[in-house]
file data_32.txt (compact mmCIF, C-alpha atoms)
# COMPACT_ATOMS: atom_id res chain seq x y z
CA MET C 1 67.23 64.98 33.52
CA ALA C 2 69.87 63.77 36.02
CA ARG C 3 72.96 62.17 34.57
CA LYS C 4 73.62 58.62 35.71
CA LYS C 5 76.81 58.36 37.72
CA LYS C 6 79.48 56.51 35.78
CA GLU C 7 80.35 53.14 37.31
CA LEU C 8 84.01 52.78 38.20
CA PRO C 9 85.89 49.68 37.06
CA LEU C 10 86.88 46.55 38.99
CA LEU C 11 90.62 45.88 39.00
CA GLU C 12 91.47 42.19 39.23
CA GLN C 13 94.54 40.34 40.54
CA VAL C 14 96.25 43.48 41.83
CA GLU C 15 99.31 43.22 44.07
CA ILE C 16 99.59 45.60 47.01
CA THR C 17 103.15 46.92 46.91
CA GLY C 18 103.52 49.68 49.48
CA VAL C 19 102.07 51.82 52.25
CA ALA C 20 100.69 55.34 52.37
CA ALA C 21 99.44 57.81 54.95
CA GLU C 22 96.40 57.42 57.21
CA GLY C 23 96.68 53.66 57.44
CA LYS C 24 96.25 52.99 53.74
CA ALA C 25 98.28 50.71 51.51
CA LEU C 26 98.92 51.32 47.82
CA ALA C 27 99.13 49.55 44.51
CA ARG C 28 100.15 50.69 41.04
CA VAL C 29 98.05 49.76 38.02
CA ASN C 30 99.75 51.05 34.87
CA ASP C 31 100.27 54.74 35.67
CA LEU C 32 97.54 54.86 38.29
CA VAL C 33 98.32 54.90 42.02
CA VAL C 34 95.53 53.23 43.99
CA PHE C 35 95.09 53.78 47.74
CA VAL C 36 93.49 50.88 49.61
CA PRO C 37 92.50 50.70 53.31
CA PHE C 38 93.12 47.53 55.37
CA ALA C 39 95.48 46.01 52.82
CA ALA C 40 99.07 44.88 53.38
CA PRO C 41 102.05 44.76 51.01
CA GLY C 42 102.02 41.33 49.42
CA ASP C 43 98.23 40.93 49.25
CA ILE C 44 96.84 39.90 45.83
CA VAL C 45 93.33 41.32 45.55
CA ASP C 46 90.46 42.45 43.38
CA LEU C 47 89.77 46.14 43.89
CA GLN C 48 86.58 48.09 43.33
CA LEU C 49 87.44 51.70 42.54
CA MET C 50 85.40 54.09 44.69
CA ARG C 51 86.88 57.41 43.59
CA LYS C 52 89.11 58.28 40.66
CA LYS C 53 91.17 61.35 39.87
CA HIS C 54 93.60 62.01 37.06
CA ASN C 55 96.61 60.17 38.50
CA TYR C 56 95.31 58.35 41.58
CA ALA C 57 92.28 56.48 42.83
CA GLU C 58 90.78 55.11 46.02
CA ALA C 59 89.46 51.56 46.19
CA ARG C 60 88.20 48.85 48.52
CA ILE C 61 89.04 45.16 48.53
CA VAL C 62 86.26 42.92 47.23
CA LYS C 63 88.20 39.65 46.98
CA PHE C 64 91.47 38.17 48.20
CA HIS C 65 93.48 35.84 45.95
CA ALA C 66 96.49 35.65 48.28
CA TYR C 67 97.28 37.03 51.71
CA SER C 68 100.46 38.87 52.60
CA SER C 69 102.95 37.08 54.87
CA LEU C 70 103.04 40.31 56.93
CA ARG C 71 99.46 39.82 58.09
CA VAL C 72 98.35 38.90 61.62
CA ASN C 73 94.86 38.42 63.03
CA PRO C 74 93.46 41.68 64.47
CA PHE C 75 92.63 41.23 68.16
CA CYS C 76 89.82 43.82 68.26
CA GLU C 77 86.28 43.00 67.08
CA HIS C 78 85.84 46.61 65.92
CA PHE C 79 88.92 46.66 63.69
CA GLY C 80 88.19 48.00 60.23
CA VAL C 81 85.10 49.92 61.30
CA CYS C 82 85.85 52.25 64.23
CA GLY C 83 88.73 54.02 62.45
CA GLY C 84 91.39 53.42 65.11
CA CYS C 85 94.38 51.04 65.09
CA LYS C 86 94.46 51.06 61.28
CA TRP C 87 97.47 48.72 60.98
CA GLN C 88 96.33 46.10 63.48
CA HIS C 89 96.26 43.50 60.67
CA VAL C 90 100.05 43.85 60.20
CA ALA C 91 102.77 42.61 62.60
CA TYR C 92 104.00 45.45 64.82
CA ASP C 93 107.65 45.27 63.70
CA TYR C 94 106.52 45.89 60.13
CA GLN C 95 104.23 48.71 61.26
CA LEU C 96 107.29 50.48 62.67
CA GLN C 97 109.17 50.03 59.40
CA PHE C 98 106.24 51.43 57.42
CA LYS C 99 105.87 54.48 59.68
CA ARG C 100 109.59 55.20 59.41
CA GLN C 101 109.32 54.88 55.62
CA GLN C 102 106.45 57.39 55.55
CA VAL C 103 108.47 59.97 57.46
CA GLU C 104 111.46 59.45 55.18
CA ASP C 105 109.30 59.72 52.03
CA ASN C 106 107.62 62.92 53.25
CA LEU C 107 110.96 64.59 53.92
CA THR C 108 112.86 63.38 50.85
CA ARG C 109 110.27 62.98 48.07
CA ILE C 110 107.87 65.75 49.05
CA GLY C 111 110.09 68.09 51.05
CA LYS C 112 113.20 67.48 48.89
CA ILE C 113 115.31 67.47 52.05
CA PRO C 114 118.56 65.46 51.93
CA LEU C 115 118.78 63.25 55.01
CA PRO C 116 121.56 61.50 56.86
CA GLU C 117 120.99 57.93 58.03
CA ILE C 118 117.75 57.73 60.00
CA LEU C 119 117.79 56.14 63.43
CA PRO C 120 115.61 53.06 64.03
CA THR C 121 112.08 53.66 65.25
CA LYS C 122 111.63 53.39 69.01
CA GLY C 123 108.69 51.03 69.28
CA SER C 124 106.32 50.82 72.21
CA THR C 125 106.70 47.90 74.59
CA LYS C 126 102.89 47.71 74.71
CA GLN C 127 100.54 47.33 71.78
CA GLN C 128 97.50 47.10 74.06
CA TYR C 129 96.33 49.18 77.04
CA TYR C 130 98.90 51.92 76.48
CA ARG C 131 96.80 55.09 76.18
CA ASN C 132 96.17 57.32 79.17
CA LYS C 133 93.28 59.25 77.60
CA LEU C 134 90.24 58.33 75.51
CA GLU C 135 87.09 60.23 74.55
CA PHE C 136 83.81 58.52 73.67
CA SER C 137 80.73 60.14 72.11
CA PHE C 138 77.03 59.42 72.62
CA SER C 139 74.70 59.09 69.64
CA ASN C 140 71.04 58.13 69.28
CA LYS C 141 71.73 56.71 65.81
CA SER C 142 74.49 54.14 66.08
CA TRP C 143 76.44 53.17 62.99
CA LEU C 144 75.26 49.82 61.64
CA THR C 145 78.03 47.60 60.29
CA TYR C 146 77.85 45.83 56.95
CA GLU C 147 77.26 42.51 58.75
CA GLN C 148 74.36 43.97 60.74
CA LEU C 149 72.73 45.34 57.60
CA GLN C 150 72.86 41.91 55.97
CA THR C 151 70.67 40.44 58.69
CA GLU C 152 66.88 40.79 58.92
CA GLN C 153 67.18 42.03 62.48
CA GLU C 154 65.35 45.22 63.40
CA PHE C 155 67.39 47.67 65.45
CA ASP C 156 64.89 49.49 67.66
CA CYS C 157 67.51 50.83 70.07
CA ARG C 158 70.24 52.68 68.19
CA ASN C 159 71.90 54.26 71.25
CA ALA C 160 75.68 54.22 70.99
CA LEU C 161 78.62 55.26 73.14
CA GLY C 162 81.83 54.94 71.20
CA PHE C 163 84.00 56.39 68.44
CA HIS C 164 83.12 58.52 65.44
CA ILE C 165 83.25 56.79 62.07
CA PRO C 166 86.12 58.41 60.08
CA GLY C 167 84.94 61.34 58.00
CA MET C 168 81.40 61.31 59.46
CA PHE C 169 80.80 63.76 62.28
CA ASP C 170 77.32 62.42 63.08
CA LYS C 171 78.03 58.66 62.93
CA VAL C 172 79.19 56.80 66.05
CA LEU C 173 80.07 53.12 66.39
CA ASP C 174 78.93 51.55 69.66
CA ILE C 175 82.08 50.08 71.25
CA LYS C 176 81.86 46.82 73.18
CA LYS C 177 85.55 46.57 74.14
CA CYS C 178 88.45 48.88 73.36
CA TRP C 179 91.98 47.55 73.80
CA LEU C 180 93.69 50.95 73.95
CA GLN C 181 93.17 51.80 77.61
CA ASP C 182 93.15 49.89 80.91
CA ASP C 183 90.04 47.72 81.13
CA ILE C 184 88.47 49.91 83.82
CA SER C 185 87.78 52.29 80.93
CA ASN C 186 85.53 49.68 79.29
CA ARG C 187 83.72 48.98 82.57
CA ILE C 188 83.10 52.68 83.21
CA ARG C 189 81.85 53.30 79.67
CA LEU C 190 79.49 50.32 79.58
CA SER C 191 78.09 51.14 83.03
CA ILE C 192 77.34 54.74 82.05
CA ARG C 193 75.73 53.58 78.81
CA GLN C 194 73.47 51.12 80.61
CA CYS C 195 72.53 53.62 83.32
CA ALA C 196 71.54 56.17 80.68
CA ILE C 197 69.38 53.59 78.88
CA ASP C 198 67.77 52.35 82.12
CA ASN C 199 66.85 55.92 83.12
CA HIS C 200 65.71 56.92 79.61
CA TYR C 201 68.31 59.66 79.30
CA PRO C 202 68.31 60.78 75.63
CA PHE C 203 71.57 60.09 73.80
CA PHE C 204 72.83 63.06 71.79
CA ASP C 205 71.60 63.65 68.25
CA LEU C 206 74.72 65.03 66.60
CA ARG C 207 72.90 66.38 63.55
CA GLU C 208 69.89 67.93 65.30
CA GLN C 209 71.92 69.01 68.37
CA THR C 210 69.41 67.62 70.84
CA GLY C 211 69.60 65.13 73.70
CA PHE C 212 71.16 64.92 77.14
CA MET C 213 74.19 62.58 77.24
CA ARG C 214 76.94 64.10 75.09
CA ASN C 215 80.36 62.49 75.68
CA ILE C 216 82.81 61.20 78.28
CA ILE C 217 86.58 61.57 78.70
CA ILE C 218 88.59 59.02 80.67
CA ARG C 219 92.17 59.64 81.80
CA ILE C 220 94.24 56.99 83.61
CA SER C 221 97.67 58.01 84.87
CA SER C 222 100.79 55.89 85.30
CA THR C 223 100.31 56.33 89.06
CA GLY C 224 96.99 54.46 88.82
CA GLU C 225 94.74 57.47 89.32
CA VAL C 226 91.56 57.78 87.24
CA MET C 227 89.83 60.93 85.99
CA LEU C 228 86.36 60.80 84.44
CA ILE C 229 84.68 63.79 82.82
CA VAL C 230 81.01 63.35 81.87
CA VAL C 231 79.71 65.97 79.43
CA PHE C 232 75.99 66.70 79.40
CA PHE C 233 74.10 68.86 76.91
CA GLU C 234 71.35 70.20 79.21
CA PRO C 235 71.70 71.69 82.72
CA ASP C 236 69.19 69.26 84.25
CA MET C 237 70.69 68.93 87.72
CA VAL C 238 68.31 66.19 88.87
CA ARG C 239 69.39 63.87 86.08
CA ILE C 240 73.03 64.96 86.33
CA GLU C 241 73.11 64.19 90.06
CA ARG C 242 71.54 60.77 89.50
CA MET C 243 74.06 59.80 86.84
CA MET C 244 77.07 61.12 88.74
CA GLN C 245 76.00 59.41 91.96
CA HIS C 246 75.61 56.12 90.09
CA ILE C 247 79.18 56.46 88.81
CA ALA C 248 80.53 57.43 92.26
CA ASP C 249 78.84 54.46 93.92
CA THR C 250 79.90 51.96 91.22
CA PHE C 251 83.51 53.11 90.78
CA PRO C 252 85.01 54.32 94.07
CA GLU C 253 88.46 54.00 92.45
CA ILE C 254 87.81 57.13 90.36
CA THR C 255 89.95 59.80 92.03
CA SER C 256 88.72 62.75 89.94
CA LEU C 257 85.00 62.63 89.07
CA LEU C 258 83.99 65.71 87.07
CA TYR C 259 81.19 66.92 84.83
CA ILE C 260 80.56 69.66 82.28
CA VAL C 261 77.40 71.09 80.74
CA ASN C 262 78.31 71.94 77.15
CA GLN C 263 75.54 73.56 75.10
CA LYS C 264 77.76 74.58 72.17
CA ARG C 265 77.69 72.98 68.75
CA ASN C 266 81.19 71.54 69.16
CA ASP C 267 82.75 69.22 71.74
CA THR C 268 85.73 71.34 72.82
CA ILE C 269 85.85 71.94 76.57
CA ALA C 270 88.63 74.56 76.77
CA ASP C 271 86.08 77.34 77.38
CA GLN C 272 83.71 75.31 79.59
CA GLU C 273 83.30 75.27 83.35
CA VAL C 274 84.40 72.00 84.93
CA CYS C 275 82.44 70.96 88.03
CA VAL C 276 83.85 68.58 90.64
CA PHE C 277 81.37 65.94 91.81
CA ARG C 278 83.81 63.94 93.92
CA GLY C 279 87.54 63.91 94.56
CA ARG C 280 90.09 66.33 93.07
CA ASP C 281 90.03 68.30 89.83
CA TYR C 282 93.37 66.79 88.78
CA ILE C 283 95.39 63.57 88.73
CA TRP C 284 99.13 63.02 89.13
CA GLU C 285 101.51 61.65 86.51
CA SER C 286 105.03 60.52 87.39
CA MET C 287 108.20 60.49 85.28
CA GLU C 288 111.84 60.04 86.34
CA GLY C 289 111.12 61.08 89.92
CA LEU C 290 109.11 64.13 88.83
CA ARG C 291 105.39 64.57 89.48
CA PHE C 292 103.10 66.32 87.02
CA LYS C 293 99.66 67.68 87.88
CA ILE C 294 97.21 66.94 85.05
CA GLY C 295 93.92 68.81 84.97
CA PRO C 296 90.85 68.12 82.79
CA LYS C 297 92.02 70.60 80.14
CA SER C 298 95.73 69.78 80.33
CA PHE C 299 97.67 68.24 77.46
CA TYR C 300 99.82 65.22 78.19
CA GLN C 301 101.27 62.73 75.72
CA THR C 302 98.68 59.97 75.41
CA ASN C 303 101.21 57.12 75.79
CA SER C 304 102.91 57.76 79.14
CA GLU C 305 105.71 55.24 78.68
CA GLN C 306 106.52 56.43 75.16
CA ALA C 307 106.39 60.04 76.34
CA TYR C 308 109.29 59.20 78.65
CA GLU C 309 111.24 57.72 75.72
CA LEU C 310 110.42 60.77 73.58
CA TYR C 311 111.54 63.24 76.24
CA LYS C 312 114.79 61.36 76.82
CA VAL C 313 115.60 61.59 73.10
CA ALA C 314 114.76 65.31 73.00
CA ARG C 315 116.96 65.94 76.03
CA GLU C 316 119.83 63.93 74.56
CA PHE C 317 119.60 65.74 71.20
CA ALA C 318 119.59 69.13 72.95
CA GLY C 319 123.07 68.36 74.31
CA LEU C 320 122.56 70.56 77.36
CA THR C 321 125.59 71.40 79.49
CA GLY C 322 123.88 73.22 82.37
CA THR C 323 124.58 76.74 81.10
CA GLU C 324 121.72 77.16 78.60
CA LEU C 325 118.51 79.20 78.66
CA VAL C 326 115.87 76.83 77.24
CA TYR C 327 112.48 77.81 75.84
CA ASP C 328 109.75 75.14 75.89
CA LEU C 329 107.10 76.29 73.41
CA TYR C 330 103.54 75.05 73.95
CA THR C 331 104.70 73.71 77.29
CA GLY C 332 101.28 72.52 78.45
CA THR C 333 101.68 71.49 82.10
CA GLY C 334 105.44 71.96 81.85
CA THR C 335 106.43 68.34 81.34
CA ILE C 336 109.40 68.83 79.01
CA ALA C 337 110.39 72.06 80.75
CA ASN C 338 110.72 70.31 84.09
CA PHE C 339 112.25 67.24 82.48
CA VAL C 340 115.25 69.24 81.17
CA ALA C 341 115.49 71.71 84.07
CA ARG C 342 118.23 69.78 85.89
CA GLN C 343 120.50 70.02 82.83
CA SER C 344 119.81 73.73 82.15
CA ARG C 345 120.59 77.09 83.71
CA LYS C 346 116.99 78.26 83.23
CA VAL C 347 113.87 77.04 81.44
CA VAL C 348 110.98 79.22 80.27
CA GLY C 349 107.70 77.52 79.31
CA ILE C 350 105.28 79.30 77.00
CA GLU C 351 101.58 78.36 76.95
CA TYR C 352 98.19 80.00 76.27
CA VAL C 353 95.74 77.79 78.22
CA PRO C 354 95.35 79.47 81.65
CA GLU C 355 94.56 76.23 83.50
CA ALA C 356 97.64 74.53 82.02
CA ILE C 357 99.81 77.48 83.06
CA GLU C 358 98.62 77.16 86.66
CA ASP C 359 99.38 73.42 86.62
CA ALA C 360 102.81 74.12 85.07
CA LYS C 361 103.62 76.60 87.84
CA GLU C 362 102.66 74.08 90.50
CA ASN C 363 104.65 71.34 88.75
CA ALA C 364 107.69 73.58 88.62
call {"tool": "encode", "arguments": {"input": "data_32.txt", "output": "structure tokens"}}
result
Amino acid sequence: MARKKKELPLLEQVEITGVAAEGKALARVNDLVVFVPFAAPGDIVDLQLMRKKHNYAEARIVKFHAYSSLRVNPFCEHFGVCGGCKWQHVAYDYQLQFKRQQVEDNLTRIGKIPLPEILPTKGSTKQQYYRNKLEFSFSNKSWLTYEQLQTEQEFDCRNALGFHIPGMFDKVLDIKKCWLQDDISNRIRLSIRQCAIDNHYPFFDLREQTGFMRNIIIRISSTGEVMLIVVFFEPDMVRIERMMQHIADTFPEITSLLYIVNQKRNDTIADQEVCVFRGRDYIWESMEGLRFKIGPKSFYQTNSEQAYELYKVAREFAGLTGTELVYDLYTGTGTIANFVARQSRKVVGIEYVPEAIEDAKENA
């Protein structure tokens, strides 16, 4: 006879007092540390425990008694479901303070490393439309939100093109608008989704590993160039040609229009052949007068403007005098290597992805 699962308690009138990793806040109830998503320090809430261990628990908010003064209204309709932008309900200045606090806690409390005074966090000038790369997955069984399940509506079409629900490899939330990348990204994604539905192209079944439309990757450089990679599951060239031609006709501004047929069980493309449908197989990035060639498999920091700030700090900390031999480990396309080359005697970049090495050589 199966044992009935023990119901976990409801904690009432709990004050959220701090922040934790992965976008969670925390509260302390007696000797128990409780981790809570989508809360903010200063909230007074009722918490339903979802999981309990010896000295910590995980819970969700079931009722608010008071809202934190740190809160702001999230600007994205998908906030709290898609798994991205986990602190969008908190003012950005406070987000920076919390992230700095996490780093300090990890080094001092966990790592037991004595630290000097920590410099202020260098925040991004943009909180919207700052990413240069996004990847969206197809699914024939879209994730239904709590609000959708409360309606009596029947969902006959469950096709989704969006982001994976955190912790669930086979669940995808259909995204209407994402605020992370230039709006052309939304227009491209929605057009591809509609074209696939109109032509009855099967969306991928992530559990059964069947279907045709698998995922897309969109890269937009600071120079305004656009790369789109469409990943199909089956080598059906008639359907591939029809989809790619639709994209080419609808979005002439795409400078690098590529596709891949990936029949593996995972989404990685490092070992896959990339086919050019139109344009080049790369886009250009620009930084401090330098140009960087970015291919479909190349790594580049996803926030171009913050990458520039990051590299300037790294170069300043290195204290180069022009006489040094510098090694840039995991150099990718050679961005940092080239960025510090003017202040060094010689720079050696080390990388294992062959395509990235070729781009790094050309960049150099």
call {"tool": "residues_around", "arguments": {"input": "data_32.txt", "residues": "range 254-263 of chain C", "least_positions_apart": "4", "cutoff": "6 Å", "atoms": "all atoms listed in the file", "output": "MDAnalysis selection string"}}
result
chainID C and resid 225:233 274:281
call {"tool": "write_last_selection", "arguments": {"input": "data_32.txt", "atoms": "C-alpha atoms", "output": "PDB file, in the coordinates of the input"}}
result
ATOM      1  CA  GLU C 225      94.740  57.470  89.320  1.00  0.00           C
ATOM      2  CA  VAL C 226      91.560  57.780  87.240  1.00  0.00           C
ATOM      3  CA  MET C 227      89.830  60.930  85.990  1.00  0.00           C
ATOM      4  CA  LEU C 228      86.360  60.800  84.440  1.00  0.00           C
ATOM      5  CA  ILE C 229      84.680  63.790  82.820  1.00  0.00           C
ATOM      6  CA  VAL C 230      81.010  63.350  81.870  1.00  0.00           C
ATOM      7  CA  VAL C 231      79.710  65.970  79.430  1.00  0.00           C
ATOM      8  CA  PHE C 232      75.990  66.700  79.400  1.00  0.00           C
ATOM      9  CA  PHE C 233      74.100  68.860  76.910  1.00  0.00           C
ATOM     10  CA  VAL C 274      84.400  72.000  84.930  1.00  0.00           C
ATOM     11  CA  CYS C 275      82.440  70.960  88.030  1.00  0.00           C
ATOM     12  CA  VAL C 276      83.850  68.580  90.640  1.00  0.00           C
ATOM     13  CA  PHE C 277      81.370  65.940  91.810  1.00  0.00           C
ATOM     14  CA  ARG C 278      83.810  63.940  93.920  1.00  0.00           C
ATOM     15  CA  GLY C 279      87.540  63.910  94.560  1.00  0.00           C
ATOM     16  CA  ARG C 280      90.090  66.330  93.070  1.00  0.00           C
ATOM     17  CA  ASP C 281      90.030  68.300  89.830  1.00  0.00           C
TER      18      ASP C 281
END
call {"tool": "atom_distance", "arguments": {"input": "data_32.txt", "atom1": "CA of Asn73 in chain C", "atom2": "CA of Ala91 in chain C"}}
result
9.0 Å
call {"tool": "residues_near_point", "arguments": {"input": "data_32.txt", "point": "(98.3, 56.8, 56.4)", "cutoff": "9 Å", "atoms": "all atoms listed in the file", "output": "PDB file with C-alpha atoms, in the coordinates of the input"}}
result
ATOM      1  CA  VAL C  19     102.070  51.820  52.250  1.00  0.00           C
ATOM      2  CA  ALA C  20     100.690  55.340  52.370  1.00  0.00           C
ATOM      3  CA  ALA C  21      99.440  57.810  54.950  1.00  0.00           C
ATOM      4  CA  GLU C  22      96.400  57.420  57.210  1.00  0.00           C
ATOM      5  CA  GLY C  23      96.680  53.660  57.440  1.00  0.00           C
ATOM      6  CA  LYS C  24      96.250  52.990  53.740  1.00  0.00           C
ATOM      7  CA  ALA C  25      98.280  50.710  51.510  1.00  0.00           C
ATOM      8  CA  PRO C  37      92.500  50.700  53.310  1.00  0.00           C
ATOM      9  CA  LYS C  86      94.460  51.060  61.280  1.00  0.00           C
ATOM     10  CA  LYS C  99     105.870  54.480  59.680  1.00  0.00           C
ATOM     11  CA  GLN C 102     106.450  57.390  55.550  1.00  0.00           C
TER      12      GLN C 102
END
call {"tool": "closest_residue", "arguments": {"input": "data_32.txt", "among": "C:Ile44, C:Ala270, C:Leu290, C:Val36", "to": "Tyr56 in chain C", "atoms": "only C-alpha atoms"}}
result
C:Val36
call {"tool": "closest_residue", "arguments": {"input": "data_32.txt", "among": "C:Leu329, C:Ile218, C:Val238, C:Val81", "to": "Phe136 in chain C", "atoms": "all atoms listed in the file"}}
result
C:Ile218
call {"tool": "closest_residue", "arguments": {"input": "data_32.txt", "among": "C:His89, C:His200, C:Lys112, C:Lys53", "to": "Phe75 in chain C", "atoms": "all atoms listed in the file"}}
result
C:His89
call {"tool": "residues_around", "arguments": {"input": "data_32.txt", "residues": "range 182-184 of chain C", "least_positions_apart": "6", "cutoff": "9 Å", "atoms": "only C-alpha atoms", "output": "number ranges by chain"}}
result
C: 128-132, 220
call {"tool": "residues_around", "arguments": {"input": "data_32.txt", "residues": "Ala59 in chain C", "least_positions_apart": "5", "cutoff": "8 Å", "atoms": "all atoms listed in the file", "output": "VMD selection string"}}
result
chain C and resid 34 to 37 47 to 51
call {"tool": "closest_atom_pairs", "arguments": {"input": "data_32.txt", "of": "range 75-135 of chain C", "to": "range 147-171 of chain C", "cutoff": "12 Å", "atoms": "all atoms listed in the file", "output": "JSON lines"}}
result
{"residue": "C:His78", "atom": "CA", "partner": "C:Phe163", "partner_atom": "CA", "distance": 10.3}
{"residue": "C:Phe79", "atom": "CA", "partner": "C:Ile165", "partner_atom": "CA", "distance": 11.7}
{"residue": "C:Gly80", "atom": "CA", "partner": "C:Ile165", "partner_atom": "CA", "distance": 10.2}
{"residue": "C:Val81", "atom": "CA", "partner": "C:Ile165", "partner_atom": "CA", "distance": 7.2}
{"residue": "C:Cys82", "atom": "CA", "partner": "C:Ile165", "partner_atom": "CA", "distance": 5.7}
{"residue": "C:Gly83", "atom": "CA", "partner": "C:Pro166", "partner_atom": "CA", "distance": 5.6}
{"residue": "C:Gly84", "atom": "CA", "partner": "C:Phe163", "partner_atom": "CA", "distance": 8.6}
{"residue": "C:Lys86", "atom": "CA", "partner": "C:Pro166", "partner_atom": "CA", "distance": 11.2}
{"residue": "C:Leu134", "atom": "CA", "partner": "C:Phe163", "partner_atom": "CA", "distance": 9.6}
{"residue": "C:Glu135", "atom": "CA", "partner": "C:Phe163", "partner_atom": "CA", "distance": 7.9}
call {"tool": "residues_around", "arguments": {"input": "data_32.txt", "residues": "Ala27 in chain C", "least_positions_apart": "6", "cutoff": "7 Å", "atoms": "all atoms listed in the file", "output": "JSON list (two decimals) with C-alpha atoms, in the frame of the given file"}}
result
[["chain", "number", "residue", "atom", "x", "y", "z"],
["C", 15, "GLU", "CA", 99.31, 43.22, 44.07],
["C", 16, "ILE", "CA", 99.59, 45.60, 47.01],
["C", 17, "THR", "CA", 103.15, 46.92, 46.91],
["C", 18, "GLY", "CA", 103.52, 49.68, 49.48],
["C", 33, "VAL", "CA", 98.32, 54.90, 42.02],
["C", 34, "VAL", "CA", 95.53, 53.23, 43.99],
["C", 35, "PHE", "CA", 95.09, 53.78, 47.74]]
call {"tool": "atom_distance", "arguments": {"input": "data_32.txt", "atom1": "CA of Glu358 in chain C", "atom2": "CA of Ile216 in chain C"}}
result
24.0 Å
